[in-house]
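Here is coords-v3.txt, consisting of compact mmCIF, C-alpha atoms and all ligand atoms:
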# COMPACT_ATOMS: atom_id res chain seq x y z
CA MET A 1 60.37 78.00 24.88
CA ARG A 2 62.13 75.03 26.49
CA LEU A 3 65.25 76.20 28.34
CA ARG A 4 68.20 74.03 29.43
CA PHE A 5 69.93 75.18 32.61
CA THR A 6 72.43 74.05 35.24
CA LYS A 7 71.99 74.60 38.97
CA MET A 8 75.26 75.54 40.70
CA HIS A 9 76.43 77.18 43.91
CA GLY A 10 79.43 78.87 45.47
CA LEU A 11 79.30 78.26 49.24
CA GLY A 12 75.50 78.10 49.11
CA ASN A 13 75.05 81.30 47.07
CA ASP A 14 73.08 79.53 44.36
CA PHE A 15 72.64 80.07 40.65
CA VAL A 16 70.70 79.02 37.60
CA VAL A 17 73.37 79.05 34.88
CA ILE A 18 72.26 79.32 31.26
CA ASP A 19 74.31 78.67 28.14
CA ALA A 20 73.49 81.59 25.85
CA VAL A 21 76.37 80.68 23.52
CA ARG A 22 74.79 77.49 22.13
CA GLN A 23 71.16 78.44 22.98
CA ARG A 24 69.75 81.60 21.39
CA LEU A 25 67.66 83.42 23.94
CA THR A 26 66.62 86.65 25.58
CA LEU A 27 65.03 86.59 29.01
CA ASN A 28 62.79 89.26 30.44
CA ALA A 29 62.56 90.23 34.13
CA GLU A 30 59.43 88.17 34.67
CA GLN A 31 61.14 85.04 33.33
CA ILE A 32 64.18 85.67 35.55
CA ARG A 33 61.90 86.01 38.61
CA TYR A 34 60.16 82.75 37.67
CA LEU A 35 63.48 80.87 37.33
CA ALA A 36 64.64 82.26 40.70
CA ASP A 37 61.39 81.51 42.53
CA ARG A 38 62.02 78.80 45.15
CA HIS A 39 58.35 77.74 45.24
CA PHE A 40 57.07 78.08 41.68
CA GLY A 41 60.31 77.92 39.64
CA VAL A 42 63.81 76.42 40.01
CA GLY A 43 65.05 78.64 42.84
CA CYS A 44 68.29 80.65 43.07
CA ASP A 45 69.82 83.90 44.30
CA GLN A 46 71.05 84.88 40.81
CA VAL A 47 70.54 83.82 37.20
CA LEU A 48 73.82 83.78 35.25
CA LEU A 49 74.08 83.99 31.47
CA VAL A 50 77.13 82.63 29.66
CA GLU A 51 77.43 84.61 26.41
CA ALA A 52 79.86 85.00 23.51
CA PRO A 53 82.52 87.71 24.09
CA ARG A 54 81.60 91.37 23.58
CA ILE A 55 84.83 93.00 24.83
CA ASP A 56 88.17 92.71 22.96
CA GLY A 57 90.57 90.28 24.56
CA THR A 58 87.91 88.35 26.49
CA ASP A 59 86.79 84.75 25.98
CA PHE A 60 83.17 85.09 27.14
CA HIS A 61 80.64 87.61 28.40
CA TYR A 62 79.04 87.14 31.82
CA ARG A 63 75.61 88.62 32.67
CA ILE A 64 74.09 88.54 36.15
CA PHE A 65 70.47 88.95 37.24
CA ASN A 66 69.32 89.14 40.85
CA ALA A 67 66.31 87.08 41.99
CA ASP A 68 64.15 90.24 41.74
CA GLY A 69 64.81 90.34 37.97
CA GLY A 70 67.26 93.28 37.96
CA GLU A 71 70.51 93.03 35.99
CA VAL A 72 73.65 93.84 38.03
CA GLU A 73 77.29 94.47 37.36
CA GLN A 74 79.21 91.79 39.22
CA CYS A 75 78.94 88.52 41.18
CA GLY A 76 82.01 86.87 42.72
CA ASN A 77 80.65 83.44 43.66
CA GLY A 78 78.99 83.30 40.26
CA ALA A 79 82.32 84.04 38.56
CA ARG A 80 83.84 80.88 40.07
CA CYS A 81 80.81 78.86 38.94
CA PHE A 82 81.13 80.45 35.48
CA ALA A 83 84.70 79.11 35.20
CA ARG A 84 83.69 75.63 36.30
CA TYR A 85 80.69 75.66 33.91
CA VAL A 86 82.53 76.71 30.73
CA ARG A 87 85.19 74.06 31.41
CA ASP A 88 82.71 71.26 32.26
CA GLU A 89 80.69 72.08 29.14
CA GLY A 90 83.79 71.98 26.90
CA LEU A 91 83.31 75.64 25.89
CA THR A 92 87.02 76.11 26.74
CA GLN A 93 89.94 74.01 27.91
CA ALA A 94 91.92 77.00 29.19
CA ASP A 95 92.96 77.24 32.87
CA GLN A 96 92.89 81.02 32.65
CA ILE A 97 89.70 82.57 31.28
CA ARG A 98 89.09 86.28 30.61
CA VAL A 99 85.48 87.28 31.02
CA GLY A 100 83.74 90.57 30.22
CA THR A 101 81.11 91.91 32.63
CA ALA A 102 79.12 95.14 32.92
CA ALA A 103 81.85 96.21 35.38
CA GLY A 104 84.78 95.42 33.04
CA ALA A 105 86.93 92.33 32.50
CA ILE A 106 87.79 89.82 35.22
CA VAL A 107 90.24 86.92 35.06
CA LEU A 108 89.29 83.43 36.27
CA GLN A 109 91.97 80.86 37.10
CA VAL A 110 90.97 77.22 37.56
CA ARG A 111 93.43 75.63 39.98
CA ALA A 112 94.67 72.05 40.08
CA ASP A 113 92.72 71.42 43.33
CA GLY A 114 89.44 72.42 41.60
CA GLN A 115 89.15 75.74 43.43
CA VAL A 116 88.85 78.90 41.34
CA SER A 117 90.77 82.14 41.88
CA VAL A 118 89.28 85.29 40.44
CA GLU A 119 90.99 88.60 39.84
CA MET A 120 87.99 90.76 40.73
CA GLY A 121 89.35 94.12 39.58
CA ILE A 122 90.44 97.24 41.45
CA PRO A 123 88.09 98.44 44.21
CA ARG A 124 86.57 101.80 43.32
CA PHE A 125 85.71 104.71 45.57
CA ASN A 126 84.36 107.12 42.96
CA PRO A 127 81.91 109.38 44.83
CA THR A 128 79.35 109.32 42.01
CA GLU A 129 79.19 105.56 42.38
CA ILE A 130 79.84 105.33 46.12
CA PRO A 131 78.97 108.65 47.74
CA LEU A 132 79.86 107.66 51.28
CA GLN A 133 83.41 108.94 51.77
CA VAL A 134 84.25 107.04 54.93
CA ARG A 135 86.72 104.61 53.51
CA ASN A 136 89.98 105.73 55.05
CA ARG A 137 89.37 105.78 58.77
CA ALA A 138 86.62 104.51 60.94
CA PRO A 139 84.10 107.21 61.76
CA ALA A 140 80.70 106.44 63.17
CA TYR A 141 78.06 107.31 60.62
CA ASP A 142 74.56 108.16 61.78
CA LEU A 143 72.29 106.14 59.52
CA GLY A 144 69.31 108.18 60.69
CA SER A 145 65.67 107.09 60.98
CA GLY A 146 66.22 105.28 64.23
CA CYS A 147 69.37 103.36 63.17
CA GLU A 148 72.20 103.44 65.68
CA ALA A 149 75.43 105.19 64.67
CA MET A 150 77.75 102.44 63.41
CA ARG A 151 81.10 102.26 61.69
CA ILE A 152 80.36 101.96 58.00
CA GLY A 153 82.51 101.90 54.88
CA ALA A 154 81.53 101.84 51.24
CA VAL A 155 83.25 100.57 48.12
CA SER A 156 82.39 99.45 44.62
CA MET A 157 83.63 96.03 43.52
CA GLY A 158 81.89 96.81 40.22
CA ASN A 159 78.71 96.56 42.30
CA PRO A 160 78.02 98.76 45.34
CA HIS A 161 78.76 97.60 48.89
CA ALA A 162 78.32 99.05 52.36
CA VAL A 163 80.29 97.33 55.13
CA LEU A 164 79.34 97.70 58.79
CA ALA A 165 81.56 96.73 61.73
CA VAL A 166 79.74 94.62 64.32
CA GLY A 167 80.81 92.97 67.56
CA ASN A 168 79.05 89.65 67.02
CA VAL A 169 77.81 88.78 63.56
CA ASP A 170 75.39 86.14 64.91
CA GLU A 171 73.47 88.94 66.65
CA ALA A 172 73.77 91.53 63.84
CA PRO A 173 70.40 92.98 62.71
CA VAL A 174 70.96 91.82 59.11
CA GLY A 175 67.27 91.38 58.24
CA GLU A 176 66.30 94.69 59.79
CA LEU A 177 69.15 97.08 58.86
CA GLY A 178 70.10 95.36 55.58
CA PRO A 179 67.00 96.38 53.61
CA ARG A 180 66.98 99.87 55.14
CA ILE A 181 70.58 100.58 54.13
CA GLU A 182 70.15 98.82 50.75
CA ARG A 183 67.67 101.49 49.75
CA LYS A 184 69.16 104.55 51.50
CA SER A 185 69.45 107.60 49.26
CA LEU A 186 73.21 107.50 49.98
CA PHE A 187 73.38 104.71 47.42
CA PRO A 188 71.81 105.89 44.15
CA HIS A 189 71.81 102.34 42.73
CA GLY A 190 71.10 100.56 46.04
CA ALA A 191 73.76 98.57 47.90
CA ASN A 192 74.72 95.17 49.20
CA VAL A 193 75.19 95.43 52.95
CA GLY A 194 77.87 93.41 54.78
CA PHE A 195 78.03 92.91 58.55
CA MET A 196 81.65 92.20 59.48
CA GLU A 197 83.01 90.82 62.75
CA ARG A 198 86.82 91.02 62.98
CA ARG A 199 88.39 88.04 64.75
CA ALA A 200 92.06 88.64 63.85
CA SER A 201 94.06 90.57 61.25
CA ASP A 202 93.64 87.60 58.90
CA LEU A 203 90.16 86.40 59.86
CA ILE A 204 86.68 87.91 59.72
CA ARG A 205 83.15 86.59 59.97
CA LEU A 206 80.64 88.11 57.55
CA ARG A 207 76.93 88.07 56.76
CA VAL A 208 75.62 89.91 53.70
CA TRP A 209 72.23 91.34 52.88
CA GLU A 210 72.30 91.28 49.07
CA ARG A 211 70.59 93.94 46.99
CA GLY A 212 67.74 92.41 45.02
CA VAL A 213 67.83 89.12 46.95
CA GLY A 214 67.98 89.35 50.77
CA GLU A 215 70.46 87.59 53.06
CA THR A 216 72.47 84.92 51.21
CA LEU A 217 74.72 82.13 52.49
CA ALA A 218 77.75 83.81 50.89
CA CYS A 219 78.62 86.85 48.79
CA GLY A 220 81.93 86.91 46.90
CA THR A 221 81.99 90.63 46.12
CA GLY A 222 80.79 91.23 49.71
CA ALA A 223 83.79 89.28 51.02
CA CYS A 224 86.12 91.39 48.82
CA ALA A 225 84.45 94.61 49.99
CA ALA A 226 84.78 93.68 53.68
CA ALA A 227 88.46 92.73 53.29
CA VAL A 228 89.14 96.03 51.47
CA ILE A 229 87.32 98.21 54.02
CA GLY A 230 88.91 96.36 56.97
CA ARG A 231 92.36 96.89 55.44
CA LEU A 232 91.68 100.61 54.82
CA TRP A 233 90.61 100.88 58.46
CA GLY A 234 94.04 99.41 59.38
CA GLU A 235 92.48 96.34 61.00
CA LEU A 236 93.21 93.63 58.42
CA GLY A 237 96.31 92.43 56.59
CA GLU A 238 96.82 91.51 52.93
CA SER A 239 95.42 88.02 53.15
CA VAL A 240 92.12 87.41 54.93
CA GLN A 241 89.95 84.36 55.47
CA VAL A 242 86.30 85.37 55.29
CA GLN A 243 83.95 83.01 57.10
CA LEU A 244 80.44 83.24 55.65
CA PRO A 245 77.40 81.18 56.71
CA GLY A 246 77.99 78.86 53.68
CA GLY A 247 81.77 78.46 54.07
CA THR A 248 85.11 80.25 53.78
CA LEU A 249 86.66 82.40 51.03
CA LEU A 250 90.25 83.58 50.84
CA ILE A 251 90.69 87.23 49.86
CA ASP A 252 94.03 88.84 49.01
CA TRP A 253 94.50 92.56 48.45
CA ARG A 254 97.85 94.34 48.36
CA GLY A 255 96.29 97.80 48.75
CA GLU A 256 94.97 100.81 46.83
CA GLY A 257 95.27 100.63 43.05
CA GLU A 258 95.71 96.84 43.16
CA PRO A 259 93.12 94.21 42.11
CA VAL A 260 91.43 92.01 44.69
CA MET A 261 91.93 88.23 44.43
CA MET A 262 89.21 85.85 45.62
CA THR A 263 89.66 82.07 45.94
CA GLY A 264 87.03 79.46 46.73
CA PRO A 265 85.02 76.49 45.48
CA ALA A 266 82.38 76.16 42.75
CA THR A 267 79.85 73.32 42.83
CA ARG A 268 77.64 71.89 40.08
CA VAL A 269 74.40 70.47 41.51
CA PHE A 270 72.17 69.29 38.65
CA ASP A 271 71.06 69.96 35.07
CA GLY A 272 67.45 70.54 34.06
CA GLU A 273 64.97 71.84 31.51
CA ILE A 274 62.09 74.21 32.07
CA ASP A 275 59.34 75.64 29.86
CA LEU A 276 59.24 79.42 29.82
N1 LIG B 1 76.20 86.99 45.20
C1 LIG B 1 77.05 87.90 44.59
C2 LIG B 1 76.61 89.29 44.32
C3 LIG B 1 75.39 89.33 43.39
C4 LIG B 1 74.93 90.71 42.99
C5 LIG B 1 74.44 91.55 44.13
N2 LIG B 1 73.26 91.03 44.78
C6 LIG B 1 74.17 92.98 43.64
O1 LIG B 1 73.00 93.37 43.52
O2 LIG B 1 75.14 93.70 43.38
C7 LIG B 1 78.52 87.69 44.83
O3 LIG B 1 78.91 86.54 45.12
O4 LIG B 1 79.31 88.61 44.64

Let me see whether you can do it: turn the structure in this file into C-alpha cells.
Ligand SMILES: N[C@@H](CCC[C@H](N)C(=O)O)C(=O)O
Amino acid sequence: MRLRFTKMHGLGNDFVVIDAVRQRLTLNAEQIRYLADRHFGVGCDQVLLVEAPRIDGTDFHYRIFNADGGEVEQCGNGARCFARYVRDEGLTQADQIRVGTAAGAIVLQVRADGQVSVEMGIPRFNPTEIPLQVRNRAPAYDLGSGCEAMRIGAVSMGNPHAVLAVGNVDEAPVGELGPRIERKSLFPHGANVGFMERRASDLIRLRVWERGVGETLACGTGACAAAVIGRLWGELGESVQVQLPGGTLLIDWRGEGEPVMMTGPATRVFDGEIDL
C-alpha cells in the first residue's frame, strides 16, 4: 500500500499526519512503529489519523498513536497540528473545529495570527484513572525503589500525567526517573511524567518524559497537567507560560470543573509518500 502523509510539529513534538477521510486505510502497530522510526521510517513522536466524525456534533475524529505503536487518548500539540492540517487540506474552512477523541470532544480555534487555541477539556482526578490522590496540597511522595521522595501530583487530561516539582529542570533526572514512574503500578495505564520548575506564578519550565515515546521537545497535555497541578498546589495563577525545550505554550485554567485552554503554534514541514 502506498500511503500519503504530512510531517508536522508543534514546538518540536513531531507527527506523521495521515488523511483517513480521503484515503481508506487501517494501520497496525507494526506499521505505526515503522512510520515513527527515525532510522528506517519517516520518524515522529506520534502518528495522527484524521478521520470522519464518529461523535454527534463533531466535525472530525482524531486518533493518536505513540511511536511504540500504542493508541492513546489525547495529544495537545497534535491537536493544534490537526487544526492546521484540516484547514490547509481544504477539509474545512471553519475557524472553530469540534473534534472527537478517545477522551471526548475538544474544540480547536484557529486564530488570525496562525496560532491555534485548544479547549482541552476538564482535568480529571478520578481515582480509577489516576490513583495518586495528591492533587490538592504538596506532600512528598516516596516513589520507592531507590527514588528520592519528591513532590508529585497526578491528573488526567484524557491521558494520564504525573507532575514532579524540581528545583532546576536542566538537572532533573528525566531519562532515569521518567521511565521508572511511567511504568509504576500506581498508574494502571502508564503515565507521562513532567518535571516542572516554577519560576514565577505565571511562568514554569517543563520537561516531559512521554509514555510510549521517551523525552520529547514539548508535550501539550503535559503543559496543561503541570499548570493544573501547580495551580492546585497554590503556586500558579490562572494564566501560565510553559517553557518547554522546543518553545513556549500558553495555558489558561480558571480552576476545578473548568476546561483547560492551550495556545501555541502548529508547523507543517513536508508532504511525502511511503510504501507500507
Ligand atoms: N505529545 C502529546 C502527548 C502524546 C500522548 C502521550 N505520549 C501519551 O501516551 O499519553 C501532547 O502534546 O499532549

Expected answer as a CSV table (one decimal) with C-alpha atoms, keeping the file's coordinate frame: residues within 10 Å of ligand LIG 1 (chain B), all atoms listed in the file:
chain,number,residue,atom,x,y,z
A,9,HIS,CA,76.4,77.2,43.9
A,10,GLY,CA,79.4,78.9,45.5
A,11,LEU,CA,79.3,78.3,49.2
A,12,GLY,CA,75.5,78.1,49.1
A,13,ASN,CA,75.0,81.3,47.1
A,14,ASP,CA,73.1,79.5,44.4
A,15,PHE,CA,72.6,80.1,40.6
A,45,ASP,CA,69.8,83.9,44.3
A,46,GLN,CA,71.0,84.9,40.8
A,47,VAL,CA,70.5,83.8,37.2
A,48,LEU,CA,73.8,83.8,35.2
A,64,ILE,CA,74.1,88.5,36.2
A,65,PHE,CA,70.5,89.0,37.2
A,66,ASN,CA,69.3,89.1,40.8
A,67,ALA,CA,66.3,87.1,42.0
A,68,ASP,CA,64.2,90.2,41.7
A,70,GLY,CA,67.3,93.3,38.0
A,71,GLU,CA,70.5,93.0,36.0
A,72,VAL,CA,73.6,93.8,38.0
A,73,GLU,CA,77.3,94.5,37.4
A,74,GLN,CA,79.2,91.8,39.2
A,75,CYS,CA,78.9,88.5,41.2
A,76,GLY,CA,82.0,86.9,42.7
A,77,ASN,CA,80.6,83.4,43.7
A,78,GLY,CA,79.0,83.3,40.3
A,79,ALA,CA,82.3,84.0,38.6
A,80,ARG,CA,83.8,80.9,40.1
A,120,MET,CA,88.0,90.8,40.7
A,156,SER,CA,82.4,99.4,44.6
A,157,MET,CA,83.6,96.0,43.5
A,158,GLY,CA,81.9,96.8,40.2
A,159,ASN,CA,78.7,96.6,42.3
A,160,PRO,CA,78.0,98.8,45.3
A,161,HIS,CA,78.8,97.6,48.9
A,182,GLU,CA,70.2,98.8,50.8
A,189,HIS,CA,71.8,102.3,42.7
A,190,GLY,CA,71.1,100.6,46.0
A,191,ALA,CA,73.8,98.6,47.9
A,192,ASN,CA,74.7,95.2,49.2
A,193,VAL,CA,75.2,95.4,53.0
A,208,VAL,CA,75.6,89.9,53.7
A,209,TRP,CA,72.2,91.3,52.9
A,210,GLU,CA,72.3,91.3,49.1
A,211,ARG,CA,70.6,93.9,47.0
A,212,GLY,CA,67.7,92.4,45.0
A,213,VAL,CA,67.8,89.1,47.0
A,214,GLY,CA,68.0,89.4,50.8
A,215,GLU,CA,70.5,87.6,53.1
A,216,THR,CA,72.5,84.9,51.2
A,217,LEU,CA,74.7,82.1,52.5
A,218,ALA,CA,77.8,83.8,50.9
A,219,CYS,CA,78.6,86.8,48.8
A,220,GLY,CA,81.9,86.9,46.9
A,221,THR,CA,82.0,90.6,46.1
A,222,GLY,CA,80.8,91.2,49.7
A,223,ALA,CA,83.8,89.3,51.0
A,224,CYS,CA,86.1,91.4,48.8
A,225,ALA,CA,84.4,94.6,50.0

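Proximity to A:Gly272 was assessed for A:Gly100, A:Gly114, A:Val42, A:Ile152 counting all atoms listed in the file; the smallest distance is recorded for A:Val42.
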
Taking (72.3, 89.5, 63.5) in the coordinates of the supplied file, I want to know which residues reach to within 12 Å of it, counting all atoms listed in the file; could you give the answer as a ChimeraX atom specification? /A:164-178,194-197,205-209,215,245

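Candidate residues A:Leu203, A:Ala83, A:Leu91, A:Ala154 were compared for distance to A:Ile181, and the nearest is A:Ala154, using all atoms listed in the file.
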
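Restricting the calculation to all atoms listed in the file, the smallest distance between A:Ala105 and any of A:Gly247, A:Gly69, A:Pro53, A:Gly257 is found for A:Pro53.
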
Between atom CA of A:Thr26 and atom CA of A:Arg54, what is the distance in Å, rounded to a tenth? 15.8 Å

Atom CA of A:Phe270 to atom CA of A:Thr6, straight-line distance in Å: 5.9 Å

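You can rank A:Ala162, A:Cys44, A:Leu35, A:Ala52 by their closest distance to A:Gln23 using only C-alpha atoms, and at the top of that list sits A:Ala52.
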
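Atom CA of A:Phe60 sits 22.2 Å away from atom CA of A:Pro123.
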
May I ask which of the residues A:Arg24, A:Ile122, A:Glu235, A:Met262 is the closest one to A:Thr248, counting only C-alpha atoms? A:Met262

Got a minute to add N, CA and C atoms to stretch 98-124 of chain A and dump it as a short mmCIF file (atom, residue, chain, number, x, y, z; two decimals), keeping the file's coordinate frame?
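After the write, rebuild34.cif holds the following:
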data_model
loop_
_atom_site.label_atom_id
_atom_site.label_comp_id
_atom_site.auth_asym_id
_atom_site.auth_seq_id
_atom_site.Cartn_x
_atom_site.Cartn_y
_atom_site.Cartn_z
N ARG A 98 89.39 84.83 30.46
CA ARG A 98 89.09 86.28 30.61
C ARG A 98 87.62 86.50 30.27
N VAL A 99 86.93 87.16 31.15
CA VAL A 99 85.48 87.28 31.02
C VAL A 99 85.07 88.75 31.13
N GLY A 100 84.26 89.21 30.17
CA GLY A 100 83.74 90.57 30.22
C GLY A 100 82.48 90.62 31.08
N THR A 101 82.33 91.70 31.84
CA THR A 101 81.11 91.91 32.63
C THR A 101 80.71 93.37 32.44
N ALA A 102 79.55 93.74 32.99
CA ALA A 102 79.12 95.14 32.92
C ALA A 102 80.08 96.03 33.70
N ALA A 103 80.90 95.43 34.58
CA ALA A 103 81.85 96.21 35.38
C ALA A 103 83.27 96.13 34.83
N GLY A 104 83.44 95.58 33.61
CA GLY A 104 84.78 95.42 33.04
C GLY A 104 85.20 93.96 33.03
N ALA A 105 86.47 93.73 32.64
CA ALA A 105 86.93 92.33 32.50
C ALA A 105 87.46 91.80 33.83
N ILE A 106 87.20 90.51 34.07
CA ILE A 106 87.79 89.82 35.22
C ILE A 106 88.51 88.58 34.69
N VAL A 107 89.45 88.07 35.50
CA VAL A 107 90.24 86.92 35.06
C VAL A 107 90.00 85.76 36.03
N LEU A 108 89.60 84.60 35.46
CA LEU A 108 89.29 83.43 36.27
C LEU A 108 90.40 82.41 36.08
N GLN A 109 90.88 81.84 37.18
CA GLN A 109 91.97 80.86 37.10
C GLN A 109 91.50 79.58 37.77
N VAL A 110 91.38 78.50 36.98
CA VAL A 110 90.97 77.22 37.56
C VAL A 110 92.22 76.53 38.07
N ARG A 111 92.23 76.20 39.37
CA ARG A 111 93.43 75.63 39.98
C ARG A 111 93.39 74.12 39.95
N ALA A 112 94.56 73.51 40.15
CA ALA A 112 94.67 72.05 40.08
C ALA A 112 93.77 71.37 41.13
N ASP A 113 93.55 72.03 42.28
CA ASP A 113 92.72 71.42 43.33
C ASP A 113 91.21 71.63 43.08
N GLY A 114 90.86 72.23 41.94
CA GLY A 114 89.44 72.42 41.60
C GLY A 114 88.89 73.75 42.08
N GLN A 115 89.61 74.41 42.99
CA GLN A 115 89.15 75.74 43.43
C GLN A 115 89.38 76.74 42.29
N VAL A 116 88.70 77.86 42.38
CA VAL A 116 88.85 78.90 41.34
C VAL A 116 89.30 80.20 42.01
N SER A 117 90.35 80.81 41.43
CA SER A 117 90.77 82.14 41.88
C SER A 117 90.30 83.16 40.87
N VAL A 118 89.79 84.25 41.34
CA VAL A 118 89.28 85.29 40.44
C VAL A 118 89.95 86.62 40.74
N GLU A 119 90.50 87.23 39.69
CA GLU A 119 90.99 88.60 39.84
C GLU A 119 89.78 89.50 39.63
N MET A 120 89.30 90.10 40.73
CA MET A 120 87.99 90.76 40.73
C MET A 120 88.05 92.23 40.32
N GLY A 121 89.23 92.72 39.98
CA GLY A 121 89.35 94.12 39.58
C GLY A 121 89.74 95.01 40.77
N ILE A 122 89.96 96.27 40.45
CA ILE A 122 90.44 97.24 41.45
C ILE A 122 89.23 97.85 42.15
N PRO A 123 89.22 97.82 43.49
CA PRO A 123 88.09 98.44 44.21
C PRO A 123 87.99 99.93 43.86
N ARG A 124 86.77 100.41 43.75
CA ARG A 124 86.57 101.80 43.32
C ARG A 124 85.86 102.60 44.41
#
